[in-house]
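Enquirer: Sharing my_file.cif here; it has mmCIF, C-alpha atoms.
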data_coords
#
loop_
_atom_site.label_atom_id
_atom_site.label_comp_id
_atom_site.auth_asym_id
_atom_site.auth_seq_id
_atom_site.Cartn_x
_atom_site.Cartn_y
_atom_site.Cartn_z
CA MET A 54 97.47 34.69 108.81
CA GLY A 55 99.53 35.46 111.90
CA PRO A 56 101.95 32.51 111.55
CA VAL A 57 102.56 33.36 107.90
CA PHE A 58 103.43 36.96 108.76
CA PHE A 59 105.59 35.76 111.61
CA GLY A 60 107.43 33.52 109.17
CA PHE A 61 107.73 36.46 106.81
CA GLY A 62 109.20 38.50 109.66
CA ILE A 63 111.76 35.79 110.38
CA LEU A 64 112.67 35.71 106.71
CA LEU A 65 113.20 39.47 106.70
CA LEU A 66 115.27 39.31 109.86
CA VAL A 67 117.46 36.60 108.34
CA LEU A 68 117.87 38.63 105.17
CA GLN A 69 118.74 41.75 107.11
CA THR A 70 121.33 40.04 109.25
CA THR A 71 122.96 37.95 106.58
CA THR A 72 122.74 39.56 103.17
CA PHE A 73 121.90 43.24 103.53
CA HIS A 74 125.36 44.05 104.83
CA LEU A 75 126.66 43.05 101.41
CA LEU A 76 124.94 46.10 99.94
CA PRO A 77 127.20 49.13 99.52
CA SER A 78 127.02 51.40 102.54
CA TRP A 79 126.07 54.48 100.46
CA LEU A 80 122.95 52.59 99.33
CA GLY A 81 121.90 51.94 102.90
CA ARG A 82 120.17 48.94 104.40
CA PRO A 83 116.39 49.07 104.47
CA ASP A 84 114.83 48.05 107.77
CA LEU A 85 112.13 45.92 106.18
CA LEU A 86 111.32 44.21 109.45
CA PHE A 87 110.36 47.58 110.90
CA LEU A 88 108.09 48.18 107.91
CA LEU A 89 106.47 44.79 108.45
CA LEU A 90 105.95 45.68 112.06
CA CYS A 91 104.26 48.95 111.08
CA PHE A 92 102.05 47.06 108.64
CA ILE A 93 101.05 44.59 111.34
CA ILE A 94 100.28 47.41 113.77
CA ILE A 95 98.18 49.30 111.22
CA TYR A 96 96.28 46.47 109.56
CA PHE A 97 96.03 43.57 112.03
CA GLU A 98 93.46 43.11 114.77
CA THR A 99 94.65 44.30 118.18
CA GLY A 100 95.19 40.84 119.70
CA PRO A 101 97.12 39.10 116.94
CA GLY A 102 98.91 42.36 116.10
CA LEU A 103 100.16 42.80 119.64
CA ILE A 104 101.32 39.19 119.91
CA LEU A 105 103.16 39.40 116.60
CA THR A 106 104.76 42.70 117.60
CA LEU A 107 106.06 41.26 120.85
CA LEU A 108 107.29 38.06 119.23
CA LEU A 109 109.16 39.96 116.55
CA GLY A 110 110.56 42.34 119.18
CA MET A 111 111.91 39.38 121.12
CA LEU A 112 113.46 37.96 118.00
CA VAL A 113 115.14 41.25 117.18
CA ASP A 114 116.49 41.36 120.74
CA VAL A 115 118.18 38.02 120.15
CA PHE A 116 120.04 39.17 117.06
CA SER A 117 120.58 42.81 117.78
CA GLY A 118 121.96 44.88 120.60
CA VAL A 119 123.30 44.09 124.01
CA HIS A 120 120.38 44.63 126.35
CA LEU A 121 117.64 42.05 126.02
CA GLY A 122 114.07 43.32 126.03
CA LEU A 123 115.04 46.68 124.60
CA HIS A 124 113.45 46.15 121.21
CA SER A 125 110.41 44.35 122.62
CA LEU A 126 109.69 47.33 124.82
CA ALA A 127 110.32 49.80 122.03
CA TYR A 128 108.03 47.90 119.66
CA LEU A 129 105.32 47.68 122.32
CA LEU A 130 105.48 51.42 122.69
CA LEU A 131 105.38 51.79 118.93
CA PHE A 132 102.32 49.55 118.85
CA LEU A 133 100.50 51.72 121.37
CA VAL A 134 101.42 55.03 119.76
CA LEU A 135 100.93 54.03 116.15
CA ARG A 136 97.68 52.20 116.85
CA THR A 137 96.27 55.20 118.70
CA MET A 138 97.33 57.54 115.93
CA VAL A 139 95.85 55.37 113.18
CA ARG A 140 92.55 55.05 115.01
CA ASN A 141 92.24 58.75 115.68
CA LEU A 142 93.45 60.03 112.34
CA ALA A 143 90.78 61.45 110.08
CA ILE A 144 92.71 60.53 106.93
CA GLN A 145 92.66 56.89 105.99
CA GLY A 146 94.75 56.46 102.89
CA SER A 147 97.98 55.03 101.75
CA LEU A 148 100.07 58.21 101.44
CA HIS A 149 99.67 59.24 105.05
CA GLN A 150 101.33 55.99 106.04
CA ILE A 151 104.75 57.29 104.99
CA PRO A 152 104.95 60.07 107.60
CA LEU A 153 103.43 57.67 110.12
CA VAL A 154 106.13 55.09 109.48
CA ILE A 155 108.89 57.72 109.53
CA ALA A 156 107.59 59.21 112.77
CA GLY A 157 107.37 55.72 114.22
CA PHE A 158 110.91 54.92 113.14
CA LEU A 159 112.28 58.11 114.64
CA ALA A 160 110.42 57.51 117.88
CA THR A 161 111.55 53.87 118.11
CA THR A 162 115.23 54.52 117.36
CA SER A 163 115.25 57.45 119.77
CA PHE A 164 113.67 55.31 122.45
CA VAL A 165 116.16 52.48 121.90
CA HIS A 166 119.03 54.99 121.99
CA LEU A 167 117.73 56.61 125.16
CA LEU A 168 117.14 53.31 126.89
CA ALA A 169 120.54 51.96 125.87
CA THR A 170 122.19 55.08 127.24
CA LEU A 171 120.20 54.86 130.46
CA LEU A 172 121.00 51.18 130.92
CA ALA A 173 124.72 51.74 130.43
CA PRO A 174 125.45 55.41 131.14
CA GLU A 175 129.19 54.71 131.15
CA ASN A 176 128.98 53.66 127.50
CA PRO A 177 127.13 56.44 125.70
CA VAL A 178 125.90 55.41 122.26
CA LEU A 179 126.81 57.97 119.62
CA TRP A 180 123.86 59.54 117.85
CA ASN A 181 124.44 59.22 114.12
CA TRP A 182 122.33 61.71 112.13
CA PRO A 183 123.58 60.82 108.62
CA LEU A 184 122.82 57.14 109.15
CA LEU A 185 119.44 57.95 110.64
CA LEU A 186 118.49 60.24 107.75
CA GLN A 187 119.65 57.66 105.24
CA ASN A 188 117.41 55.07 106.90
CA ILE A 189 114.47 57.47 106.96
CA ILE A 190 114.83 58.20 103.24
CA ILE A 191 115.05 54.52 102.40
CA LEU A 192 111.99 53.75 104.53
CA GLY A 193 110.09 56.58 102.83
CA ILE A 194 110.91 55.16 99.40
CA VAL A 195 110.29 51.52 100.20
CA CYS A 196 107.25 51.99 102.46
CA LEU A 197 104.40 52.00 99.95
CA PRO A 198 105.65 49.20 97.67
CA PHE A 199 106.33 47.08 100.72
CA PHE A 200 102.88 47.73 102.12
CA GLN A 201 101.42 46.81 98.72
CA LEU A 202 103.33 43.55 98.88
CA CYS A 203 102.00 42.84 102.36
CA GLN A 204 98.46 43.73 101.24
CA GLY A 205 98.88 41.29 98.37
CA LEU A 206 100.01 38.60 100.78
CA MET A 207 97.07 39.34 103.03
CA THR A 208 94.60 39.11 100.14
CA LEU A 209 96.21 35.89 98.99
CA LEU A 210 95.86 34.40 102.45
CA ASP A 211 92.22 35.48 102.66
CA LYS A 212 91.42 33.79 99.37
CA ARG A 213 93.31 30.56 99.96
CA PRO A 214 91.42 27.27 99.64
CA PRO A 215 90.66 25.26 102.80
CA MET A 216 93.68 23.25 103.88
CA ILE A 217 92.23 19.75 103.50
CA TRP A 218 95.72 18.30 103.25
CA MET A 219 96.57 19.25 106.82
CA PRO A 220 97.13 16.02 108.79
CA PHE A 221 95.79 17.35 112.10
CA ARG A 222 92.72 18.96 110.69
CA ARG A 223 89.59 17.78 112.44
CA HIS A 224 87.19 16.07 110.07
CA PRO A 225 83.43 16.23 110.66
CA PRO A 226 81.99 13.03 112.09
CA ASN A 227 79.90 12.34 109.02
CA ARG A 228 82.07 12.88 105.99
CA PHE A 229 79.31 12.16 103.53
CA LYS A 230 76.96 14.71 104.96
CA VAL A 231 76.15 17.40 102.40
CA MET B 154 112.24 40.02 -10.81
CA LYS B 155 111.67 39.25 -7.26
CA LYS B 156 113.31 35.85 -7.58
CA ARG B 157 116.46 37.34 -9.06
CA GLY B 158 116.83 39.85 -6.27
CA LYS B 159 116.61 37.13 -3.69
CA ARG B 160 119.33 35.10 -5.26
CA ALA B 161 121.61 38.09 -5.47
CA ARG B 162 121.15 38.70 -1.73
CA GLN B 163 121.94 35.10 -0.90
CA ALA B 164 125.07 35.26 -2.99
CA ARG B 165 126.18 38.40 -1.19
CA ASN B 166 125.62 36.88 2.18
CA LEU B 167 127.52 33.79 1.20
CA LEU B 168 130.36 35.96 0.06
CA VAL B 169 130.50 37.93 3.28
CA PHE B 170 130.29 34.87 5.49
CA GLY B 171 132.84 33.09 3.36
CA PHE B 172 135.19 36.02 3.63
CA VAL B 173 134.86 36.25 7.38
CA ALA B 174 135.25 32.50 7.77
CA ALA B 175 138.31 32.52 5.60
CA LEU B 176 139.75 35.42 7.59
CA LEU B 177 139.20 33.57 10.83
CA VAL B 178 140.74 30.41 9.49
CA ILE B 179 143.75 32.41 8.35
CA ILE B 180 144.07 34.08 11.75
CA ILE B 181 143.78 30.79 13.57
CA PHE B 182 146.27 29.08 11.41
CA THR B 183 148.70 31.99 11.52
CA SER B 184 148.64 31.98 15.30
CA LEU B 185 149.01 28.25 15.66
CA GLY B 186 152.09 27.37 17.67
CA ARG B 187 152.78 30.97 18.76
CA LYS B 188 152.89 32.12 22.38
CA GLU B 189 152.03 35.74 22.00
CA PHE B 190 148.63 37.30 21.55
CA ASN B 191 147.87 38.89 18.30
CA VAL B 192 145.66 41.94 17.88
CA PHE B 193 142.47 39.97 17.83
CA HIS B 194 143.36 37.99 20.86
CA LYS B 195 144.20 41.19 22.67
CA LEU B 196 141.01 42.82 21.58
CA GLY B 197 139.03 39.83 22.68
CA LEU B 198 140.75 39.77 25.96
CA GLU B 199 140.11 43.45 26.51
CA VAL B 200 136.43 43.20 25.80
CA VAL B 201 135.78 39.96 27.62
CA GLY B 202 138.10 41.00 30.38
CA VAL B 203 135.90 43.99 31.16
CA ALA B 204 132.86 41.76 31.25
CA GLN B 205 134.71 39.25 33.36
CA ALA B 206 135.75 41.95 35.74
CA VAL B 207 132.24 43.27 36.06
CA SER B 208 130.80 39.80 36.40
CA THR B 209 133.42 38.79 38.93
CA GLY B 210 132.79 41.97 40.84
CA ILE B 211 129.06 41.39 41.02
CA GLY B 212 129.52 37.73 41.79
CA GLY B 213 132.08 38.55 44.36
CA TYR B 214 129.79 41.09 45.93
CA PHE B 215 126.90 38.68 46.24
CA GLY B 216 129.21 35.81 47.04
CA GLY B 217 130.75 37.96 49.74
CA ILE B 218 127.36 38.69 51.17
CA TRP B 219 126.53 35.02 51.20
CA THR B 220 129.91 34.10 52.68
CA ASP B 221 129.56 36.85 55.26
CA TYR B 222 126.11 35.59 56.12
CA ARG B 223 127.34 32.03 56.46
CA GLU B 224 130.35 33.15 58.44
CA LEU B 225 128.16 35.34 60.58
CA ILE B 226 126.14 32.33 61.55
CA ASN B 227 129.36 30.53 62.36
CA VAL B 228 130.75 33.56 64.17
CA ARG B 229 127.61 33.85 66.25
CA GLU B 230 127.88 30.20 67.14
CA GLU B 231 131.58 30.54 67.83
CA ASN B 232 131.03 33.71 69.82
CA ARG B 233 128.49 31.94 72.00
CA ARG B 234 130.82 29.03 72.49
CA LEU B 235 133.75 31.30 73.34
CA ARG B 236 131.63 33.32 75.75
CA GLU B 237 130.55 30.14 77.47
CA GLU B 238 134.17 28.99 77.66
CA LEU B 239 135.20 32.38 79.02
CA ARG B 240 132.47 32.25 81.64
CA GLN B 241 133.57 28.77 82.69
CA HIS B 242 137.20 29.85 82.89
CA LYS B 243 136.27 32.94 84.86
CA ALA B 244 134.19 30.86 87.27
CA ALA B 245 137.04 28.38 87.66
CA THR B 246 139.55 31.18 88.20
CA SER B 247 137.29 32.79 90.75
CA GLN B 248 136.92 29.48 92.56
CA TYR B 249 140.66 28.91 92.55
CA ARG B 250 141.28 32.43 93.80
CA GLU B 251 138.70 32.00 96.55
CA ALA B 252 140.19 28.63 97.48
CA VAL B 253 143.67 30.12 97.65
CA ALA B 254 142.42 33.07 99.72
CA THR B 255 140.55 30.74 102.09
CA ASN B 256 143.62 28.56 102.32
CA VAL B 257 145.84 31.51 103.22
CA ARG B 258 143.31 32.81 105.74
CA LEU B 259 142.82 29.43 107.39
CA LYS B 260 146.57 28.86 107.47
CA LYS B 261 147.02 32.13 109.31
CA LEU B 262 144.19 31.22 111.67
CA LEU B 263 145.86 27.90 112.34
CA GLU B 264 149.17 29.60 113.06
CA LEU B 265 147.42 31.98 115.45
CA ARG B 266 145.58 29.12 117.14
CA GLU B 267 148.83 27.32 117.73
CA SER B 268 150.46 30.44 119.12
CA LEU B 269 147.72 31.07 121.70
CA PRO B 270 148.28 29.60 125.15
CA ASP B 271 144.65 28.64 125.85
CA PRO B 272 142.61 26.08 123.91
CA THR B 273 140.77 27.64 121.03
CA ILE B 274 137.92 26.87 118.70
CA THR B 275 137.20 28.32 115.27
CA ALA B 276 133.80 29.76 114.36
CA ARG B 277 132.11 31.18 111.30
CA VAL B 278 130.17 34.43 111.26
CA ILE B 279 126.57 33.70 110.26
CA GLY B 280 124.79 36.97 111.02
CA ARG B 281 125.29 40.64 111.70
CA ASP B 282 123.42 43.17 113.76
CA SER B 283 121.18 45.26 111.54
CA SER B 284 120.34 47.94 114.10
CA LEU B 285 121.64 51.50 114.06
CA TRP B 286 123.17 51.66 117.49
CA PHE B 287 124.71 48.27 118.23
CA LYS B 288 127.45 46.14 116.76
CA THR B 289 127.11 42.43 117.36
CA ILE B 290 127.52 39.30 115.25
CA THR B 291 126.19 35.76 115.45
CA ILE B 292 128.57 32.80 115.16
CA ASP B 293 127.97 29.11 114.53
CA ARG B 294 129.39 27.86 117.83
CA GLY B 295 127.49 27.61 121.06
CA SER B 296 127.46 26.22 124.56
CA SER B 297 127.53 22.64 123.26
CA ASP B 298 130.97 23.43 121.84
CA GLY B 299 132.09 24.80 125.19
CA VAL B 300 131.60 28.45 124.31
CA GLU B 301 130.71 30.59 127.31
CA ARG B 302 129.80 34.17 127.99
CA GLY B 303 132.84 36.42 128.25
CA MET B 304 135.17 34.36 126.08
CA PRO B 305 137.38 36.54 123.87
CA VAL B 306 137.04 36.34 120.12
CA VAL B 307 139.96 37.17 117.86
CA THR B 308 141.04 36.91 114.28
CA VAL B 309 144.40 36.90 112.55
CA GLU B 310 144.44 40.69 112.38
CA GLY B 311 143.57 41.25 116.01
CA VAL B 312 140.89 41.50 118.67
CA VAL B 313 137.28 41.14 117.50
CA GLY B 314 135.19 41.13 120.65
CA GLN B 315 133.76 38.85 123.26
CA VAL B 316 130.91 36.39 123.59
CA ILE B 317 127.89 37.88 125.34
CA ASN B 318 125.14 35.29 124.80
CA THR B 319 125.09 31.63 123.90
CA SER B 320 122.60 29.00 122.86
CA PRO B 321 123.48 25.30 122.37
CA ASN B 322 124.71 25.82 118.81
CA TYR B 323 125.13 29.54 118.33
CA ALA B 324 126.53 32.53 120.16
CA LYS B 325 126.30 36.28 120.00
CA VAL B 326 129.51 38.27 120.04
CA LEU B 327 129.80 41.90 121.10
CA LEU B 328 132.22 43.51 118.68
CA ALA B 329 135.05 45.59 120.09
CA ASN B 330 133.82 48.64 118.14
CA ASP B 331 130.47 48.63 119.94
CA PRO B 332 130.12 51.46 122.49
CA ASN B 333 129.43 48.84 125.19
CA SER B 334 132.82 47.21 124.68
CA ALA B 335 135.84 48.16 126.77
CA ILE B 336 139.27 46.54 126.52
CA ASP B 337 142.27 47.15 128.72
CA VAL B 338 145.21 47.95 126.44
CA ILE B 339 148.76 49.24 126.37
CA VAL B 340 150.70 51.20 123.78
CA GLN B 341 153.31 48.75 122.59
CA LYS B 342 156.30 51.10 122.39
CA ASN B 343 156.17 52.59 125.89
CA ARG B 344 153.62 50.41 127.75
CA VAL B 345 151.29 53.35 128.43
CA GLN B 346 148.04 51.91 129.67
CA GLY B 347 144.52 52.87 128.67
CA ILE B 348 141.08 51.56 127.86
CA VAL B 349 139.83 51.17 124.33
CA ARG B 350 136.14 51.74 123.73
CA GLY B 351 134.20 51.35 120.55
CA ASP B 352 132.73 54.29 118.72
CA SER B 353 130.99 54.57 115.39
CA ASP B 354 134.14 54.54 113.27
CA GLY B 355 136.69 52.64 115.28
CA PHE B 356 138.12 52.86 118.78
CA THR B 357 138.77 55.64 121.22
CA LEU B 358 141.63 55.22 123.66
CA HIS B 359 140.65 56.62 127.04
CA TYR B 360 142.53 57.52 130.21
CA VAL B 361 145.94 58.23 128.66
CA LEU B 362 147.60 61.12 130.50
CA ARG B 363 148.48 64.29 128.59
CA THR B 364 152.12 63.83 129.49
CA SER B 365 152.31 60.36 127.94
CA ASP B 366 154.18 60.03 124.68
CA VAL B 367 151.67 58.63 122.22
CA ALA B 368 151.93 59.37 118.52
CA GLU B 369 150.20 58.43 115.29
CA GLY B 370 151.14 54.98 114.07
CA ASP B 371 151.82 53.54 117.54
CA HIS B 372 150.60 50.00 117.95
CA VAL B 373 148.04 49.24 120.65
CA ILE B 374 147.87 45.75 122.12
CA THR B 375 145.87 44.04 124.86
CA SER B 376 147.36 44.42 128.31
CA GLY B 377 146.11 41.16 129.74
CA LEU B 378 144.55 43.05 132.63
CA GLY B 379 140.84 42.70 133.11
CA GLY B 380 140.99 38.95 132.73
CA VAL B 381 139.25 38.68 129.38
CA PHE B 382 141.85 39.02 126.64
CA PRO B 383 145.28 37.39 126.77
CA LYS B 384 148.20 39.82 126.76
CA GLY B 385 149.76 41.00 123.50
CA LEU B 386 146.93 40.64 121.03
CA PRO B 387 146.91 43.44 118.44
CA VAL B 388 144.04 45.88 118.91
CA GLY B 389 144.88 48.64 116.45
CA GLN B 390 147.06 51.54 115.51
CA VAL B 391 146.85 55.12 116.77
CA SER B 392 145.35 57.25 114.00
CA GLU B 393 144.86 60.61 115.71
CA VAL B 394 146.12 62.25 118.90
CA VAL B 395 144.55 65.45 120.23
CA ARG B 396 145.97 67.14 123.32
CA ALA B 397 143.45 69.66 124.56
CA ARG B 398 144.58 72.70 126.57
CA ARG B 399 142.63 71.55 129.55
CA GLY B 400 141.97 68.17 131.03
CA MET B 401 144.12 65.36 132.30
CA PHE B 402 143.84 63.03 129.34
CA GLN B 403 144.55 62.98 125.65
CA SER B 404 141.93 62.24 123.06
CA ILE B 405 143.25 59.35 121.01
CA GLN B 406 141.62 57.63 118.06
CA VAL B 407 142.67 54.10 117.21
CA GLU B 408 142.21 52.41 113.86
CA PRO B 409 141.12 48.80 114.56
CA ALA B 410 143.50 46.07 113.51
CA ALA B 411 140.60 43.80 112.56
CA ASN B 412 138.36 44.69 109.66
CA PHE B 413 134.93 44.44 111.26
CA SER B 414 133.08 44.65 107.98
CA ARG B 415 134.82 41.59 106.56
CA LEU B 416 134.71 39.10 109.37
CA GLU B 417 134.32 35.51 108.22
CA HIS B 418 136.23 33.02 110.34
CA LEU B 419 137.04 33.74 113.96
CA ILE B 420 138.86 32.13 116.84
CA ILE B 421 137.26 31.85 120.23
CA ILE B 422 139.76 31.59 123.04
CA MET B 423 138.28 29.06 125.45
CA LYS B 424 139.29 30.98 128.50
CA LYS B 425 137.11 31.21 131.57
CA SER B 426 136.22 34.80 132.16
CA SER B 427 134.91 36.77 135.08
CA LEU B 428 131.90 37.58 132.92
CA ALA B 429 130.93 33.91 132.91
CA GLU B 430 130.08 33.93 136.57
#
Show me, as structure tokens, the structure contained in the file I just sent.

Expert:
Amino acid sequence: MGPVFFGFGILLLVLQTTTFHLLPSWLGRPDLLFLLLCFIIIYFETGPGLILTLLLGMLVDVFSGVHLGLHSLAYLLLFLVLRTMVRNLAIQGSLHQIPLVIAGFLATTSFVHLLATLLAPENPVLWNWPLLLQNIIILGIVCLPFFQLCQGLMTLLDKRPPMIWMPFRRHPPNRFKV
Amino acid sequence: MKKRGKRARQARNLLVFGFVAALLVIIIFTSLGRKEFNVFHKLGLEVVGVAQAVSTGIGGYFGGIWTDYRELINVREENRRLREELRQHKAATSQYREAVATNVRLKKLLELRESLPDPTITARVIGRDSSLWFKTITIDRGSSDGVERGMPVVTVEGVVGQVINTSPNYAKVLLANDPNSAIDVIVQKNRVQGIVRGDSDGFTLHYVLRTSDVAEGDHVITSGLGGVFPKGLPVGQVSEVVRARRGMFQSIQVEPAANFSRLEHLIIIMKKSSLAE
């Protein structure tokens, strides 16, 4: 499941960096990769979830920003905070995920902003409230449908037939054994 | 008695029919060779004419419906054909327009390339930074093409930024409107020096003394100092000047010469930079 979601993450990153800028600025650009990251943190097992989070963070570092490692670190922090919150929350439903995602987004962007300012204090990054609020609203709207889509993908992957066509799949020694 | 009555009736009928037939024969023969209607002709025409009119009207009505229906089918077919033709023509026009625009843009790029002292290489923008705080782009040229960290990137309109990371086939460019970018510039009219930094909307020109004469509309160009950008490249135009009561420097906003939201083809100046080391 992990590789598929990693591929999905790459697809979202490509979409975000190549086509989303064509959308009118008043409509905003949804950070779907961040939503995917939140989904992975909430629904995946700790090990695969952490690995995927770091891999995606590294990828984002390549295509975004100036300081490498910034997003990886921010996403790692997001993983720790969000995971702890999800585990300790009494409510386990779909609606509570919206404030979780929004809180996570605010925390991550603030952390990236803070770290970027600390790493280059001579070049302060301007805090942009309107843009931030626009992103938060978009995330709030898109969150649940996107999570539904990811759940669907997860269910589909769980139900898939065994991949007998895979060339490197190990066959049992006795193929005729029932 | 009965038989006699029947005969009398037959005789009467014969008389009436004979009279009418004789009258008709007389009328026909009297009108033979004439060109004008007589009373009977006119009467006939009036009566039949009304019927004809009504009949023609009804026939015309239904015939019209049928013709309309048939024509509607044809019109629908024709409409579809014309729409298809229009779509094709529009697509062709759009392609021609795009080709002309690309041609003009590439011609300008070529002119700029030839005017630059250092060797250059053209690149295409393939990706944009999607984060909130940073402004970078990805281009389709990398270290295998000779692109190195620190090389300046320009376009026909002016300065775009500089290369900050490379891989064999791709490179990341820090745009000049990113807060981490700083370019040494001069105001073209009076050679006042300053440093342009990126902010969210455009550029801010720093370190220009309050006594310096800088006004809206002044052109800002690269100074050549700093060793990254060649001298004289357009950076932007002064859009706002604020002289505060206190402080040594003016607050100057600069409208970028390059349109950062519409970058497509760029020129990388293959100049060794201090950043490369």

Enquirer: Could you please select, counting only C-alpha atoms, the residues of chain A within 8 Å of chain B and state them as number ranges by chain?

Expert: A: 67, 69-71, 74, 84, 116-119, 162, 166, 173, 176-180, 184-185

Enquirer: Hey, can you check how far CA of Val373 (chain B) sits from CA of Val349 (chain B)?

Expert: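 Those two atoms sit 9.2 Å apart.
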
Enquirer: Would you work out the distance separating CA of Leu123 (chain A) from CA of Leu168 (chain A), expressed in Å to one decimal?

Expert: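 Between CA of Leu123 (chain A) and CA of Leu168 (chain A) the gap works out to 7.3 Å.
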
Enquirer: Selected by the PyMOL selection byres ((chain B and resi 371) around 8) in the shown coordinates: which residues, as a compact mmCIF listing (two decimals) with C-alpha atoms, in the frame of the given file?

Expert:
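File selection11.txt, as written:
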# COMPACT_ATOMS: atom_id res chain seq x y z
CA VAL B 340 150.70 51.20 123.78
CA GLN B 341 153.31 48.75 122.59
CA LYS B 342 156.30 51.10 122.39
CA VAL B 367 151.67 58.63 122.22
CA ALA B 368 151.93 59.37 118.52
CA GLU B 369 150.20 58.43 115.29
CA GLY B 370 151.14 54.98 114.07
CA HIS B 372 150.60 50.00 117.95
CA VAL B 373 148.04 49.24 120.65
CA GLN B 390 147.06 51.54 115.51
CA VAL B 391 146.85 55.12 116.77

Enquirer: Residues around (102.9, 47.5, 101.5), cut-off 10 Å, counting only C-alpha atoms - what are they as a list in words?

Expert: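 Residues with an atom close enough to that point: Leu88, Leu89, Cys91, Phe92, Ser147, Gln150, Val195, Cys196, Leu197, Pro198, Phe199, Phe200, Gln201, Leu202, Cys203, Gln204, Gly205 and Leu206 of chain A.
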
Enquirer: Show me, as a ChimeraX atom specification, the residues that have an atom within 9 Å of His124 (chain A) when counting all atoms listed in the file, minus same-chain residues fewer than 5 positions from it.

Expert: /A:107,109-114,117-118,129,161,165

Enquirer: Any idea what the distance is between CA of Phe87 (chain A) and CA of Ser320 (chain B)?

Expert: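 Distance between the two atoms: 25.3 Å.
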
Enquirer: Name the residues in contact with Leu86 (chain A) at a cut-off of 8 Å, using only C-alpha atoms, excluding same-chain residues fewer than 3 positions from it; report them as a PyMOL selection string.

Expert: chain A and resi 62+65-66+89-90

Enquirer: List the residues matched by the PyMOL selection byres ((chain B and resi 376) around 7) in the displayed structure as a PyMOL selection string, ordered by chain and then by residue number.

Expert: chain B and resi 337-339+374-375+377-378+384-385

Enquirer: Let's have the selection written as a PDB file, in the frame of the given file, with C-alpha atoms.

Expert:
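New file part.pdb:
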ATOM      1  CA  ASP B 337     142.270  47.150 128.720  1.00  0.00           C
ATOM      2  CA  VAL B 338     145.210  47.950 126.440  1.00  0.00           C
ATOM      3  CA  ILE B 339     148.760  49.240 126.370  1.00  0.00           C
ATOM      4  CA  ILE B 374     147.870  45.750 122.120  1.00  0.00           C
ATOM      5  CA  THR B 375     145.870  44.040 124.860  1.00  0.00           C
ATOM      6  CA  GLY B 377     146.110  41.160 129.740  1.00  0.00           C
ATOM      7  CA  LEU B 378     144.550  43.050 132.630  1.00  0.00           C
ATOM      8  CA  LYS B 384     148.200  39.820 126.760  1.00  0.00           C
ATOM      9  CA  GLY B 385     149.760  41.000 123.500  1.00  0.00           C
TER      10      GLY B 385
END

Enquirer: Pull the neighbourhood of (142.8, 55.5, 118.5) for me: all residues within 7 Å in file coordinates, counting only C-alpha atoms, as number ranges by chain.

Expert: B: 356-358, 390-393, 405-408

Enquirer: Which one of A:Ala160, A:Leu75, A:Ile151, A:Leu130 sits closest to Ile191 (chain A) if you count only C-alpha atoms?

Expert: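 Looking at the shortest contact to Ile191 (chain A), the residue is A:Ile151.
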
Enquirer: Which is closer to Leu131 (chain A) than all the others in A:Leu76, A:Val154, A:Leu186, A:Leu85, using all atoms listed in the file?

Expert: A:Val154

Enquirer: Mind completing region 260-270 of chain B with N, CA and C atoms? Output as an mmCIF file, in the coordinates of the input, please?

Expert:
data_model
loop_
_atom_site.group_PDB
_atom_site.id
_atom_site.type_symbol
_atom_site.label_atom_id
_atom_site.label_comp_id
_atom_site.auth_asym_id
_atom_site.auth_seq_id
_atom_site.Cartn_x
_atom_site.Cartn_y
_atom_site.Cartn_z
ATOM 1 N N LYS B 260 145.207 29.159 107.029
ATOM 2 C CA LYS B 260 146.570 28.860 107.470
ATOM 3 C C LYS B 260 147.006 29.845 108.553
ATOM 4 N N LYS B 261 146.685 31.107 108.315
ATOM 5 C CA LYS B 261 147.020 32.130 109.310
ATOM 6 C C LYS B 261 146.280 31.887 110.612
ATOM 7 N N LEU B 262 144.987 31.518 110.466
ATOM 8 C CA LEU B 262 144.190 31.220 111.670
ATOM 9 C C LEU B 262 144.804 30.076 112.453
ATOM 10 N N LEU B 263 145.249 29.062 111.710
ATOM 11 C CA LEU B 263 145.860 27.900 112.340
ATOM 12 C C LEU B 263 147.134 28.291 113.088
ATOM 13 N N GLU B 264 147.924 29.136 112.430
ATOM 14 C CA GLU B 264 149.170 29.600 113.060
ATOM 15 C C GLU B 264 148.850 30.352 114.351
ATOM 16 N N LEU B 265 147.806 31.200 114.269
ATOM 17 C CA LEU B 265 147.420 31.980 115.450
ATOM 18 C C LEU B 265 146.918 31.059 116.555
ATOM 19 N N ARG B 266 146.122 30.073 116.158
ATOM 20 C CA ARG B 266 145.580 29.120 117.140
ATOM 21 C C ARG B 266 146.703 28.436 117.895
ATOM 22 N N GLU B 267 147.711 28.035 117.105
ATOM 23 C CA GLU B 267 148.830 27.320 117.730
ATOM 24 C C GLU B 267 149.660 28.218 118.625
ATOM 25 N N SER B 268 149.645 29.518 118.319
ATOM 26 C CA SER B 268 150.460 30.440 119.120
ATOM 27 C C SER B 268 149.767 30.848 120.418
ATOM 28 N N LEU B 269 148.442 30.647 120.488
ATOM 29 C CA LEU B 269 147.720 31.070 121.700
ATOM 30 C C LEU B 269 147.871 30.036 122.813
ATOM 31 N N PRO B 270 148.023 30.532 124.050
ATOM 32 C CA PRO B 270 148.280 29.600 125.150
ATOM 33 C C PRO B 270 147.043 28.750 125.513
#
